[in-house]
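protein10.cif, holding mmCIF, C-alpha atoms:
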data_model
#
loop_
_atom_site.label_atom_id
_atom_site.label_comp_id
_atom_site.auth_asym_id
_atom_site.auth_seq_id
_atom_site.Cartn_x
_atom_site.Cartn_y
_atom_site.Cartn_z
CA MET A 43 27.84 -35.71 -27.82
CA MET A 44 30.56 -37.00 -30.03
CA LYS A 45 29.70 -39.96 -32.25
CA ARG A 46 31.97 -42.50 -33.87
CA HIS A 47 30.84 -44.01 -37.14
CA ALA A 48 31.95 -47.37 -38.41
CA PHE A 49 31.81 -48.75 -41.90
CA LYS A 50 28.89 -50.90 -43.00
CA PHE A 51 29.99 -54.30 -44.20
CA ALA A 52 28.80 -56.93 -46.62
CA CYS A 53 29.69 -60.50 -45.77
CA SER A 54 29.39 -61.74 -49.30
CA ARG A 55 32.12 -59.35 -50.41
CA MET A 56 34.67 -61.05 -48.20
CA GLY A 57 33.29 -64.51 -48.71
CA PHE A 58 32.03 -65.05 -45.16
CA ALA A 59 28.64 -66.53 -45.88
CA ASP A 60 25.90 -66.43 -43.24
CA PHE A 61 27.91 -64.23 -40.85
CA ASN A 62 24.77 -62.25 -40.03
CA CYS A 63 22.16 -64.89 -40.81
CA PHE A 64 20.68 -64.98 -37.29
CA LEU A 65 19.77 -61.74 -35.53
CA VAL A 66 18.38 -60.98 -32.09
CA ASP A 67 16.05 -58.08 -31.33
CA PHE A 68 17.68 -56.57 -28.23
CA GLU A 69 14.50 -54.82 -27.13
CA THR A 70 12.21 -57.85 -27.24
CA GLY A 71 14.75 -60.65 -27.13
CA SER A 72 13.02 -62.32 -30.06
CA CYS A 73 14.93 -63.97 -32.86
CA LEU A 74 14.58 -62.17 -36.17
CA THR A 75 15.98 -64.92 -38.34
CA SER A 76 16.71 -68.55 -37.56
CA ARG A 77 17.38 -71.64 -39.58
CA ASN A 78 17.64 -74.12 -36.78
CA SER A 79 16.02 -73.69 -33.38
CA ASP A 80 17.35 -77.05 -32.20
CA SER A 81 20.83 -75.62 -31.62
CA LYS A 82 19.38 -72.90 -29.42
CA GLY A 83 17.48 -75.42 -27.32
CA LEU A 84 20.51 -77.67 -26.97
CA LEU A 85 22.76 -74.84 -25.87
CA ARG A 86 20.15 -73.58 -23.42
CA HIS A 87 20.01 -77.08 -21.90
CA GLN A 88 23.81 -77.23 -21.68
CA MET A 89 23.92 -73.78 -20.10
CA ASN A 90 21.32 -74.61 -17.46
CA ALA A 91 23.08 -77.85 -16.56
CA SER A 92 26.39 -76.04 -16.31
CA ALA A 93 24.87 -73.31 -14.14
CA GLN A 94 23.58 -75.88 -11.66
CA ARG A 95 27.05 -77.43 -11.38
CA MET A 96 28.94 -74.16 -11.15
CA CYS A 97 26.68 -72.38 -8.67
CA SER A 98 26.83 -75.16 -6.09
CA THR A 99 30.09 -73.86 -4.63
CA SER A 100 32.01 -70.61 -4.41
CA CYS A 101 35.74 -70.86 -5.05
CA ALA A 102 36.94 -67.35 -4.20
CA LYS A 103 36.20 -67.57 -0.50
CA VAL A 104 37.54 -65.14 2.05
CA PRO A 105 40.87 -66.43 3.44
CA GLU A 106 40.64 -67.84 6.94
CA ASP A 107 43.37 -65.51 8.22
CA LEU A 108 41.54 -62.34 7.08
CA PRO A 109 40.24 -60.38 10.08
CA LYS A 110 36.50 -60.98 10.12
CA ASP A 111 35.80 -57.53 11.61
CA ASN A 112 38.00 -55.61 9.18
CA PRO A 113 35.67 -53.08 7.49
CA VAL A 114 38.23 -52.30 4.79
CA SER A 115 38.66 -55.92 3.68
CA ASP A 116 34.93 -56.50 4.06
CA MET A 117 34.41 -53.95 1.28
CA LEU A 118 35.58 -56.56 -1.23
CA LEU A 119 33.52 -59.45 0.15
CA ASP A 120 30.13 -60.19 -1.40
CA SER A 121 27.13 -61.95 0.14
CA PHE A 122 28.22 -65.29 -1.38
CA GLY A 123 31.65 -65.26 0.26
CA ARG A 124 33.60 -64.22 -2.85
CA LEU A 125 36.58 -61.97 -2.17
CA HIS A 126 37.29 -59.58 -5.04
CA THR A 127 41.00 -58.95 -5.42
CA TYR A 128 41.12 -58.11 -9.15
CA LEU A 129 40.17 -54.67 -10.51
CA ARG A 130 39.85 -53.89 -14.21
CA ILE A 131 40.19 -50.18 -14.98
CA SER A 132 39.07 -48.79 -18.33
CA LEU A 133 41.24 -45.79 -19.18
CA THR A 134 39.30 -44.58 -22.21
CA GLU A 135 36.28 -45.28 -24.40
CA ARG A 136 38.24 -44.34 -27.52
CA CYS A 137 39.76 -46.95 -29.82
CA ASN A 138 41.75 -47.06 -33.05
CA LEU A 139 39.84 -50.14 -34.28
CA ARG A 140 36.13 -50.83 -34.82
CA CYS A 141 35.77 -54.51 -33.93
CA GLN A 142 32.31 -55.80 -34.79
CA TYR A 143 31.75 -57.65 -31.49
CA CYS A 144 32.79 -54.58 -29.50
CA MET A 145 31.35 -51.55 -31.29
CA PRO A 146 27.99 -51.19 -33.06
CA ALA A 147 28.19 -50.64 -36.83
CA ASP A 148 26.82 -47.08 -36.57
CA GLY A 149 29.30 -46.07 -33.87
CA VAL A 150 28.81 -45.12 -30.22
CA ASP A 151 28.29 -41.93 -28.24
CA LEU A 152 31.49 -41.12 -26.39
CA THR A 153 31.48 -39.68 -22.90
CA PRO A 154 32.71 -36.05 -23.02
CA SER A 155 36.34 -35.74 -21.88
CA PRO A 156 35.55 -33.74 -18.69
CA LYS A 157 33.46 -36.68 -17.48
CA ILE A 158 36.28 -39.20 -17.97
CA LEU A 159 38.33 -39.99 -14.87
CA SER A 160 41.53 -37.98 -14.62
CA GLN A 161 44.88 -39.57 -13.83
CA ASN A 162 44.71 -38.40 -10.22
CA GLU A 163 41.19 -39.75 -9.83
CA ILE A 164 42.21 -43.14 -11.27
CA VAL A 165 45.16 -43.39 -8.90
CA ARG A 166 43.14 -42.33 -5.87
CA LEU A 167 40.41 -44.88 -6.52
CA ALA A 168 42.94 -47.59 -7.38
CA ASN A 169 44.77 -46.91 -4.12
CA LEU A 170 41.48 -47.26 -2.27
CA PHE A 171 40.95 -50.71 -3.78
CA VAL A 172 44.56 -51.86 -3.33
CA SER A 173 44.69 -50.73 0.30
CA SER A 174 41.53 -52.79 0.81
CA GLY A 175 42.99 -56.01 -0.60
CA VAL A 176 43.03 -55.80 -4.43
CA ASP A 177 46.38 -57.16 -5.62
CA LYS A 178 45.85 -57.20 -9.39
CA ILE A 179 44.88 -54.37 -11.73
CA ARG A 180 44.28 -54.68 -15.46
CA LEU A 181 44.16 -51.61 -17.70
CA THR A 182 41.59 -51.81 -20.50
CA GLY A 183 39.65 -49.55 -22.87
CA GLY A 184 38.61 -48.71 -25.53
CA GLU A 185 42.27 -48.99 -26.36
CA PRO A 186 44.32 -48.07 -23.27
CA THR A 187 47.56 -47.36 -25.16
CA ILE A 188 46.05 -44.36 -26.95
CA ARG A 189 45.67 -42.51 -23.65
CA LYS A 190 48.52 -39.98 -23.63
CA ASP A 191 49.35 -40.38 -19.93
CA ILE A 192 49.38 -44.20 -19.99
CA GLU A 193 53.04 -44.34 -18.92
CA ASP A 194 52.51 -42.05 -15.92
CA ILE A 195 49.43 -44.04 -14.92
CA CYS A 196 51.39 -47.29 -15.06
CA LEU A 197 54.24 -45.85 -13.03
CA ARG A 198 51.98 -44.53 -10.29
CA LEU A 199 49.85 -47.67 -10.11
CA SER A 200 52.86 -50.00 -10.05
CA ASN A 201 54.11 -48.15 -6.95
CA LEU A 202 50.94 -48.78 -4.96
CA ASN A 203 51.81 -50.75 -1.84
CA GLY A 204 50.28 -54.22 -2.06
CA LEU A 205 49.79 -54.40 -5.83
CA LYS A 206 51.36 -57.58 -7.23
CA THR A 207 50.25 -57.53 -10.88
CA LEU A 208 49.73 -54.65 -13.29
CA ALA A 209 48.41 -55.96 -16.59
CA ILE A 210 47.04 -54.53 -19.82
CA THR A 211 44.61 -55.75 -22.47
CA THR A 212 45.34 -54.09 -25.81
CA ASN A 213 44.65 -54.50 -29.51
CA GLY A 214 48.39 -54.25 -30.15
CA ILE A 215 48.24 -51.58 -32.86
CA THR A 216 50.61 -49.17 -31.06
CA LEU A 217 51.97 -51.51 -28.40
CA ALA A 218 55.28 -52.51 -30.02
CA ARG A 219 56.78 -49.02 -29.79
CA LYS A 220 55.29 -48.23 -26.37
CA LEU A 221 55.93 -51.49 -24.56
CA PRO A 222 59.61 -50.97 -23.60
CA LYS A 223 58.71 -47.81 -21.68
CA LEU A 224 55.56 -49.37 -20.21
CA LYS A 225 57.66 -52.23 -18.89
CA GLU A 226 60.03 -49.73 -17.28
CA CYS A 227 56.96 -48.14 -15.67
CA GLY A 228 55.98 -51.41 -14.02
CA LEU A 229 53.70 -53.22 -16.48
CA THR A 230 54.02 -56.91 -15.59
CA SER A 231 51.57 -58.74 -17.88
CA VAL A 232 50.28 -58.33 -21.44
CA ASN A 233 47.12 -59.55 -23.20
CA ILE A 234 46.84 -58.82 -26.93
CA SER A 235 43.57 -59.23 -28.84
CA LEU A 236 43.82 -61.00 -32.21
CA ASP A 237 40.88 -62.81 -33.79
CA THR A 238 42.42 -63.95 -37.06
CA LEU A 239 45.79 -64.76 -38.62
CA VAL A 240 44.53 -63.67 -42.06
CA PRO A 241 45.11 -59.95 -42.80
CA ALA A 242 42.02 -59.61 -45.03
CA LYS A 243 39.78 -61.09 -42.35
CA PHE A 244 41.40 -58.82 -39.76
CA GLU A 245 40.43 -55.78 -41.82
CA PHE A 246 36.89 -57.13 -42.20
CA MET A 247 36.46 -57.74 -38.48
CA THR A 248 38.11 -54.55 -37.20
CA ARG A 249 37.07 -52.28 -40.09
CA ARG A 250 40.69 -51.08 -40.11
CA LYS A 251 44.12 -52.21 -41.31
CA GLY A 252 46.84 -53.20 -38.84
CA HIS A 253 47.28 -56.98 -38.72
CA GLN A 254 51.05 -56.78 -39.16
CA LYS A 255 51.35 -54.27 -36.31
CA VAL A 256 49.57 -56.65 -33.96
CA MET A 257 51.90 -59.51 -34.92
CA GLU A 258 54.87 -57.21 -34.31
CA SER A 259 53.52 -56.37 -30.87
CA ILE A 260 53.18 -60.04 -29.95
CA ASN A 261 56.79 -60.66 -30.95
CA ALA A 262 57.96 -57.49 -29.19
CA ALA A 263 56.33 -58.66 -25.95
CA ILE A 264 58.06 -62.03 -26.25
CA ASP A 265 61.41 -60.34 -26.93
CA LEU A 266 60.98 -58.17 -23.84
CA GLY A 267 60.58 -61.27 -21.70
CA TYR A 268 56.83 -61.35 -21.04
CA ASN A 269 55.98 -64.97 -20.33
CA PRO A 270 53.39 -65.87 -21.22
CA VAL A 271 52.17 -63.38 -23.78
CA LYS A 272 48.42 -63.88 -23.72
CA VAL A 273 46.56 -63.66 -27.04
CA ASN A 274 42.78 -63.27 -26.80
CA CYS A 275 40.74 -64.69 -29.68
CA VAL A 276 36.95 -64.34 -29.84
CA VAL A 277 35.76 -67.33 -31.84
CA MET A 278 32.79 -66.83 -34.19
CA ARG A 279 31.26 -69.46 -36.41
CA GLY A 280 31.66 -68.73 -40.09
CA PHE A 281 34.40 -66.19 -39.49
CA ASN A 282 37.44 -67.58 -37.69
CA ASP A 283 36.45 -70.98 -36.29
CA ASP A 284 38.45 -72.57 -39.12
CA GLU A 285 41.63 -71.02 -37.65
CA ILE A 286 41.47 -72.55 -34.17
CA CYS A 287 44.21 -75.09 -34.81
CA ASP A 288 46.35 -72.49 -36.59
CA PHE A 289 46.27 -70.42 -33.41
CA VAL A 290 47.21 -73.47 -31.33
CA GLU A 291 50.22 -73.96 -33.59
CA LEU A 292 51.54 -70.57 -32.38
CA THR A 293 52.17 -72.16 -28.98
CA ARG A 294 54.62 -74.72 -30.37
CA ASP A 295 57.83 -72.70 -30.06
CA LYS A 296 56.85 -69.49 -28.31
CA PRO A 297 55.61 -68.67 -24.77
CA ILE A 298 52.18 -67.69 -26.05
CA ASN A 299 48.95 -68.40 -24.20
CA ILE A 300 46.19 -68.58 -26.80
CA ARG A 301 42.87 -67.85 -25.12
CA PHE A 302 39.79 -68.84 -27.12
CA ILE A 303 36.78 -66.81 -25.95
CA GLU A 304 33.17 -67.74 -26.55
CA PHE A 305 31.27 -65.01 -28.41
CA MET A 306 29.34 -62.94 -25.84
CA PRO A 307 26.30 -60.64 -26.21
CA PHE A 308 26.67 -56.87 -25.71
CA ASP A 309 24.62 -53.95 -26.94
CA GLY A 310 24.98 -53.46 -30.68
CA ASN A 311 27.15 -56.47 -31.52
CA VAL A 312 24.23 -58.48 -33.02
CA TRP A 313 24.99 -61.56 -30.91
CA ASN A 314 23.25 -64.76 -31.85
CA VAL A 315 23.59 -68.39 -30.96
CA LYS A 316 24.42 -69.33 -34.53
CA LYS A 317 27.74 -67.47 -34.23
CA LEU A 318 28.61 -69.06 -30.90
CA VAL A 319 31.14 -71.91 -31.04
CA PRO A 320 30.84 -73.64 -27.64
CA TYR A 321 33.86 -74.69 -25.64
CA SER A 322 33.09 -78.40 -26.10
CA GLU A 323 33.22 -78.04 -29.88
CA MET A 324 36.43 -76.00 -29.83
CA LEU A 325 38.07 -78.55 -27.55
CA ASP A 326 37.04 -81.43 -29.81
CA ARG A 327 38.61 -79.73 -32.81
CA VAL A 328 41.90 -79.12 -30.99
CA VAL A 329 42.13 -82.67 -29.63
CA LYS A 330 41.68 -84.13 -33.09
CA TRP A 331 44.67 -82.20 -34.43
CA PHE A 332 46.72 -82.22 -31.22
CA PRO A 333 46.10 -85.51 -29.38
CA GLY A 334 48.85 -84.58 -26.91
CA LEU A 335 46.65 -81.87 -25.36
CA LYS A 336 46.71 -82.16 -21.54
CA ARG A 337 44.63 -80.36 -18.91
CA LEU A 338 46.54 -78.11 -16.52
CA GLN A 339 45.71 -77.23 -12.93
CA ASP A 340 43.71 -73.99 -12.84
CA HIS A 341 43.65 -71.44 -10.05
CA PRO A 342 40.21 -71.31 -8.35
CA THR A 343 39.63 -67.77 -9.68
CA ASP A 344 40.79 -68.45 -13.24
CA THR A 345 38.36 -67.47 -15.97
CA ALA A 346 40.07 -69.92 -18.32
CA LYS A 347 40.30 -73.68 -18.62
CA ASN A 348 43.98 -74.23 -19.37
CA PHE A 349 45.70 -76.91 -21.47
CA ARG A 350 49.10 -77.60 -22.94
CA VAL A 351 50.06 -79.65 -25.99
CA ASP A 352 52.94 -82.04 -25.30
CA GLU A 353 56.32 -80.42 -26.05
CA HIS A 354 54.73 -77.04 -26.84
CA ALA A 355 56.22 -73.96 -25.19
CA GLY A 356 52.91 -72.18 -24.77
CA VAL A 357 49.45 -72.81 -23.34
CA VAL A 358 45.96 -73.15 -24.83
CA SER A 359 43.01 -71.80 -22.85
CA PHE A 360 39.25 -71.60 -23.24
CA ILE A 361 37.10 -68.88 -21.69
CA THR A 362 33.64 -70.40 -21.46
CA SER A 363 31.53 -67.48 -20.25
CA MET A 364 28.41 -68.65 -22.10
CA THR A 365 28.26 -72.45 -21.90
CA GLU A 366 30.16 -73.16 -18.66
CA HIS A 367 30.31 -69.94 -16.66
CA PHE A 368 32.77 -69.41 -13.82
CA CYS A 369 30.70 -67.03 -11.70
CA ALA A 370 31.22 -69.09 -8.53
CA GLY A 371 34.92 -68.18 -8.51
CA CYS A 372 34.60 -64.61 -9.76
CA ASN A 373 36.95 -62.17 -8.05
CA ARG A 374 36.66 -59.30 -10.58
CA LEU A 375 35.39 -55.76 -10.33
CA ARG A 376 35.32 -53.04 -13.01
CA LEU A 377 35.94 -49.31 -12.93
CA LEU A 378 34.76 -47.75 -16.18
CA ALA A 379 36.38 -44.79 -17.90
CA ASP A 380 33.52 -42.50 -16.87
CA GLY A 381 33.96 -43.47 -13.23
CA ASN A 382 31.06 -45.91 -12.99
CA PHE A 383 31.65 -49.02 -10.90
CA LYS A 384 30.41 -52.36 -12.21
CA VAL A 385 30.49 -55.61 -10.25
CA CYS A 386 29.53 -57.93 -13.13
CA LEU A 387 30.48 -57.73 -16.80
CA PHE A 388 27.03 -58.91 -17.89
CA GLY A 389 24.95 -57.10 -15.28
CA PRO A 390 23.39 -53.73 -16.14
CA SER A 391 23.82 -52.31 -12.61
CA GLU A 392 26.38 -49.53 -12.20
CA VAL A 393 27.11 -46.94 -9.52
CA SER A 394 29.12 -43.75 -10.00
CA LEU A 395 32.32 -43.27 -8.02
CA ARG A 396 33.29 -40.19 -10.03
CA ASP A 397 30.39 -38.07 -8.79
CA PRO A 398 30.88 -38.57 -5.04
CA LEU A 399 34.64 -38.29 -5.54
CA ARG A 400 34.24 -34.89 -7.20
CA GLN A 401 31.72 -33.84 -4.55
CA GLY A 402 34.35 -34.32 -1.86
CA ALA A 403 33.58 -37.79 -0.51
CA ASN A 404 36.25 -39.14 1.83
CA ASP A 405 37.73 -42.64 1.67
CA HIS A 406 35.29 -44.03 4.20
CA GLU A 407 32.31 -42.78 2.23
CA LEU A 408 33.70 -44.17 -1.02
CA ARG A 409 34.31 -47.53 0.65
CA GLU A 410 30.70 -47.58 1.80
CA ILE A 411 29.49 -47.05 -1.78
CA ILE A 412 31.83 -49.72 -3.14
CA GLY A 413 31.02 -52.22 -0.40
CA SER A 414 27.27 -51.80 -0.87
CA ALA A 415 27.60 -52.45 -4.62
CA VAL A 416 29.73 -55.54 -4.04
CA LYS A 417 27.20 -56.90 -1.54
CA ARG A 418 24.48 -56.62 -4.21
CA LYS A 419 26.42 -58.77 -6.69
CA LYS A 420 24.39 -61.77 -7.81
CA ALA A 421 25.50 -65.39 -7.58
CA SER A 422 25.81 -65.70 -11.36
CA HIS A 423 24.91 -63.99 -14.58
CA ALA A 424 21.48 -64.56 -16.11
CA GLY A 425 22.53 -66.94 -18.89
CA MET A 426 23.37 -66.11 -22.48
CA PHE A 427 19.83 -65.90 -23.83
CA ASP A 428 18.64 -63.62 -21.05
CA ILE A 429 21.83 -61.54 -21.31
CA ALA A 430 21.07 -60.99 -24.98
CA LYS A 431 17.70 -59.52 -23.96
CA THR A 432 19.07 -57.30 -21.19
CA ALA A 433 20.07 -53.70 -21.85
CA ASN A 434 23.80 -53.28 -21.23
CA ARG A 435 26.47 -51.01 -22.61
CA PRO A 436 28.57 -51.79 -25.69
CA MET A 437 31.84 -53.54 -24.82
CA ILE A 438 33.85 -50.46 -25.79
CA HIS A 439 32.13 -48.53 -22.99
CA ILE A 440 32.55 -51.28 -20.39
CA GLY A 441 36.18 -52.10 -21.10
CA GLY A 442 37.63 -55.33 -22.46
#
So that I can check it, write out the structure of this file as structure tokens.
Amino acid sequence: MMKRHAFKFACSRMGFADFNCFLVDFETGSCLTSRNSDSKGLLRHQMNASAQRMCSTSCAKVPEDLPKDNPVSDMLLDSFGRLHTYLRISLTERCNLRCQYCMPADGVDLTPSPKILSQNEIVRLANLFVSSGVDKIRLTGGEPTIRKDIEDICLRLSNLNGLKTLAITTNGITLARKLPKLKECGLTSVNISLDTLVPAKFEFMTRRKGHQKVMESINAAIDLGYNPVKVNCVVMRGFNDDEICDFVELTRDKPINIRFIEFMPFDGNVWNVKKLVPYSEMLDRVVKWFPGLKRLQDHPTDTAKNFRVDEHAGVVSFITSMTEHFCAGCNRLRLLADGNFKVCLFGPSEVSLRDPLRQGANDHELREIIGSAVKRKKASHAGMFDIAKTANRPMIHIGG
């Protein structure tokens, strides 16, 4: 097995005090270090209250005009009435950055190349989903742009009958030079990950250089007419929470959608509640600096709570996976680079589509496997403290 190694880091060197002051033992779920248990109890209370509100209804219901006896469409319908029309496909586990919340400090074991889905396998499975009702596909990784056949994949996927949106989530390191061709190949939407506007902090977080390249990619996407250009920012206390309003300022004159994401637990990223900045706190900070912030109307399946500052060109969003989850409206499924199928980002359950595909399974048999997995999807995730105790893959394996 091939292993990637990442650099060890020392917070004091960069001046980010207490960045690792609160650790969680992922095998036992116990807290190794804590200075204030009150915050944990408060957030647990907020999470439970939110869960009760959010689980009372399901937003992504099957449309009334969908044939009720259609076995193909039924493949995407779970036992809670949620219709899944959005597929996220991870093209690779490889990445040219080493972000601390995504990859463990000592690296990860990579799936051997022969076990990664080929281009033809990706297209065949994608066509199966799209012909069953999926109308949006997002390409993720690892870093999807480092896959050599990314342009061919985009071209073939964009030509699938019924697909409306072909999006990508990327770290932006190589995007600026590749985006013109990707747009020609049918890429319709761009999300770029950027957690800090300070180059030194970028290098600390990603364990690599490249901040300027990411900024160039954001501007290149704007110049090519992508509107909005979505910028994903994982907010962590003691690291970048002091930059929230600086990110909002980017929306003043440009069609940028800044998306603040609550820090989420995955294997090896040393998640702890001390690092989590809850949505309510982020919103309070923004409102104080931008009193003209107004709530926008969200789509029922949106993961984000969307806002706009008066007279700003762009949008400000909050993805509140931990403190106010949106499981009731979830319409997302995930196909991992190794061909495993995952119905919930935070759930450990996976089923292989690669193996039956390579063993000669026909479309009907593959639909049966997919439909059974979708039917087993739970009403909601377990909550952030239980998620932190549950074995799951590192984010780089799952796909951003």
Could you build a table of the residues in segment 151-218 of chain A lying no more than 6 Å from segment 224-235 of chain A, giving for each the nearest pair of atoms and their separation in Å rounded to one decimal place, using all atoms listed in the file, ordered by chain and ascending residue number, as JSON lines?
{"residue": "A:Glu193", "atom": "CA", "partner": "A:Leu224", "partner_atom": "CA", "distance": 5.8}
{"residue": "A:Cys196", "atom": "CA", "partner": "A:Cys227", "partner_atom": "CA", "distance": 5.7}
{"residue": "A:Leu197", "atom": "CA", "partner": "A:Cys227", "partner_atom": "CA", "distance": 4.4}
{"residue": "A:Ser200", "atom": "CA", "partner": "A:Gly228", "partner_atom": "CA", "distance": 5.2}
{"residue": "A:Leu208", "atom": "CA", "partner": "A:Leu229", "partner_atom": "CA", "distance": 5.3}
{"residue": "A:Ala209", "atom": "CA", "partner": "A:Ser231", "partner_atom": "CA", "distance": 4.4}
{"residue": "A:Ile210", "atom": "CA", "partner": "A:Val232", "partner_atom": "CA", "distance": 5.2}
{"residue": "A:Thr211", "atom": "CA", "partner": "A:Asn233", "partner_atom": "CA", "distance": 4.6}
{"residue": "A:Thr212", "atom": "CA", "partner": "A:Ile234", "partner_atom": "CA", "distance": 5.1}
{"residue": "A:Asn213", "atom": "CA", "partner": "A:Ser235", "partner_atom": "CA", "distance": 4.9}
{"residue": "A:Gly214", "atom": "CA", "partner": "A:Ile234", "partner_atom": "CA", "distance": 5.8}
Next, dump the selected residues to file, keeping only C-alpha atoms, as a PDB file, in the frame of the given file.
ATOM      1  CA  GLU A 193      53.040 -44.340 -18.920  1.00  0.00           C
ATOM      2  CA  CYS A 196      51.390 -47.290 -15.060  1.00  0.00           C
ATOM      3  CA  LEU A 197      54.240 -45.850 -13.030  1.00  0.00           C
ATOM      4  CA  SER A 200      52.860 -50.000 -10.050  1.00  0.00           C
ATOM      5  CA  LEU A 208      49.730 -54.650 -13.290  1.00  0.00           C
ATOM      6  CA  ALA A 209      48.410 -55.960 -16.590  1.00  0.00           C
ATOM      7  CA  ILE A 210      47.040 -54.530 -19.820  1.00  0.00           C
ATOM      8  CA  THR A 211      44.610 -55.750 -22.470  1.00  0.00           C
ATOM      9  CA  THR A 212      45.340 -54.090 -25.810  1.00  0.00           C
ATOM     10  CA  ASN A 213      44.650 -54.500 -29.510  1.00  0.00           C
ATOM     11  CA  GLY A 214      48.390 -54.250 -30.150  1.00  0.00           C
TER      12      GLY A 214
END
- prompt: Between A:Arg418, A:Lys384, A:Arg350, A:Lys255, which is the closest to Ser132 of chain A once you count only C-alpha atoms?
  reply: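 Checking each candidate against Ser132 of chain A, we get A:Lys384 as the closest.
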field: Among the residues A:Lys220, A:Arg400, A:Lys251, A:Lys178, the one that comes closest to Gly204 of chain A [using only C-alpha atoms]
entry: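 So, comparing all the options, the nearest one is A:Lys178.
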- prompt: Which residues fall under the PyMOL selection byres ((chain A and resi 318-334) around 8) in this file, as JSON, numbers by chain?
  reply: {"A": [277, 278, 279, 283, 286, 287, 290, 304, 305, 306, 314, 315, 316, 317, 335, 336, 351, 352, 360, 361, 362, 364, 365]}
Mind giving me the axis-aligned box for segment 389-408 of chain A with 4 Å on every side, centre plus edges in Å to one decimal, as AutoDock Vina command-line options?
--center_x 30.6 --center_y -45.5 --center_z -6.0 --size_x 22.3 --size_y 31.3 --size_z 28.3
message: I need the residue nearest Pro241 of chain A from this list: A:Leu199, A:Asn282, A:Leu129, A:Thr207. Use only C-alpha atoms for the distance.
response: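 Selected residue with least distance to Pro241 of chain A: A:Asn282.
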Answer as an MDAnalysis selection string, residues within 10 Å of (54.9, -56.9, -31.9) using only C-alpha atoms: chainID A and resid 214:219 221 234 254:265
message: Can you spell out as a ChimeraX atom specification the set of residues that the PyMOL selection byres ((chain A and resi 182) around 9) selects in the structure I just provided?
response: /A:130-134,180-181,183-187,209-212,441-442
message: Just to confirm, what's the straight-line distance from atom CA of Leu387 of chain A to atom CA of Arg249 of chain A in Å (one decimal)?
response: 24.8 Å
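Between atom CA of Leu139 of chain A and atom CA of Val276 of chain A the interatomic distance comes to 15.2 Å.
When atom CA of Ile164 of chain A is paired with atom CA of Arg396 of chain A, their separation reads 9.5 Å.
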- request: List the neighbours of Asp405 of chain A out to 12 Å using only C-alpha atoms; skip same-chain residues closer than 4 positions along the sequence, and give me the result as a PyMOL selection string.
  value: chain A and resi 114+117+166-171+173-174+395+398-399+409-413
field: Chain and number of each residue from the PyMOL selection byres ((chain A and resi 339) around 12), as a ChimeraX atom specification
entry: /A:336-338,340-344,346-350,357,359
- request: Can you work out which one of A:Asn269, A:Glu135, A:Arg189, A:Ile195 has the shortest atom-to-atom distance to Lys157 of chain A, counting all atoms listed in the file?
  value: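 Closest to Lys157 of chain A of all the choices is A:Glu135.
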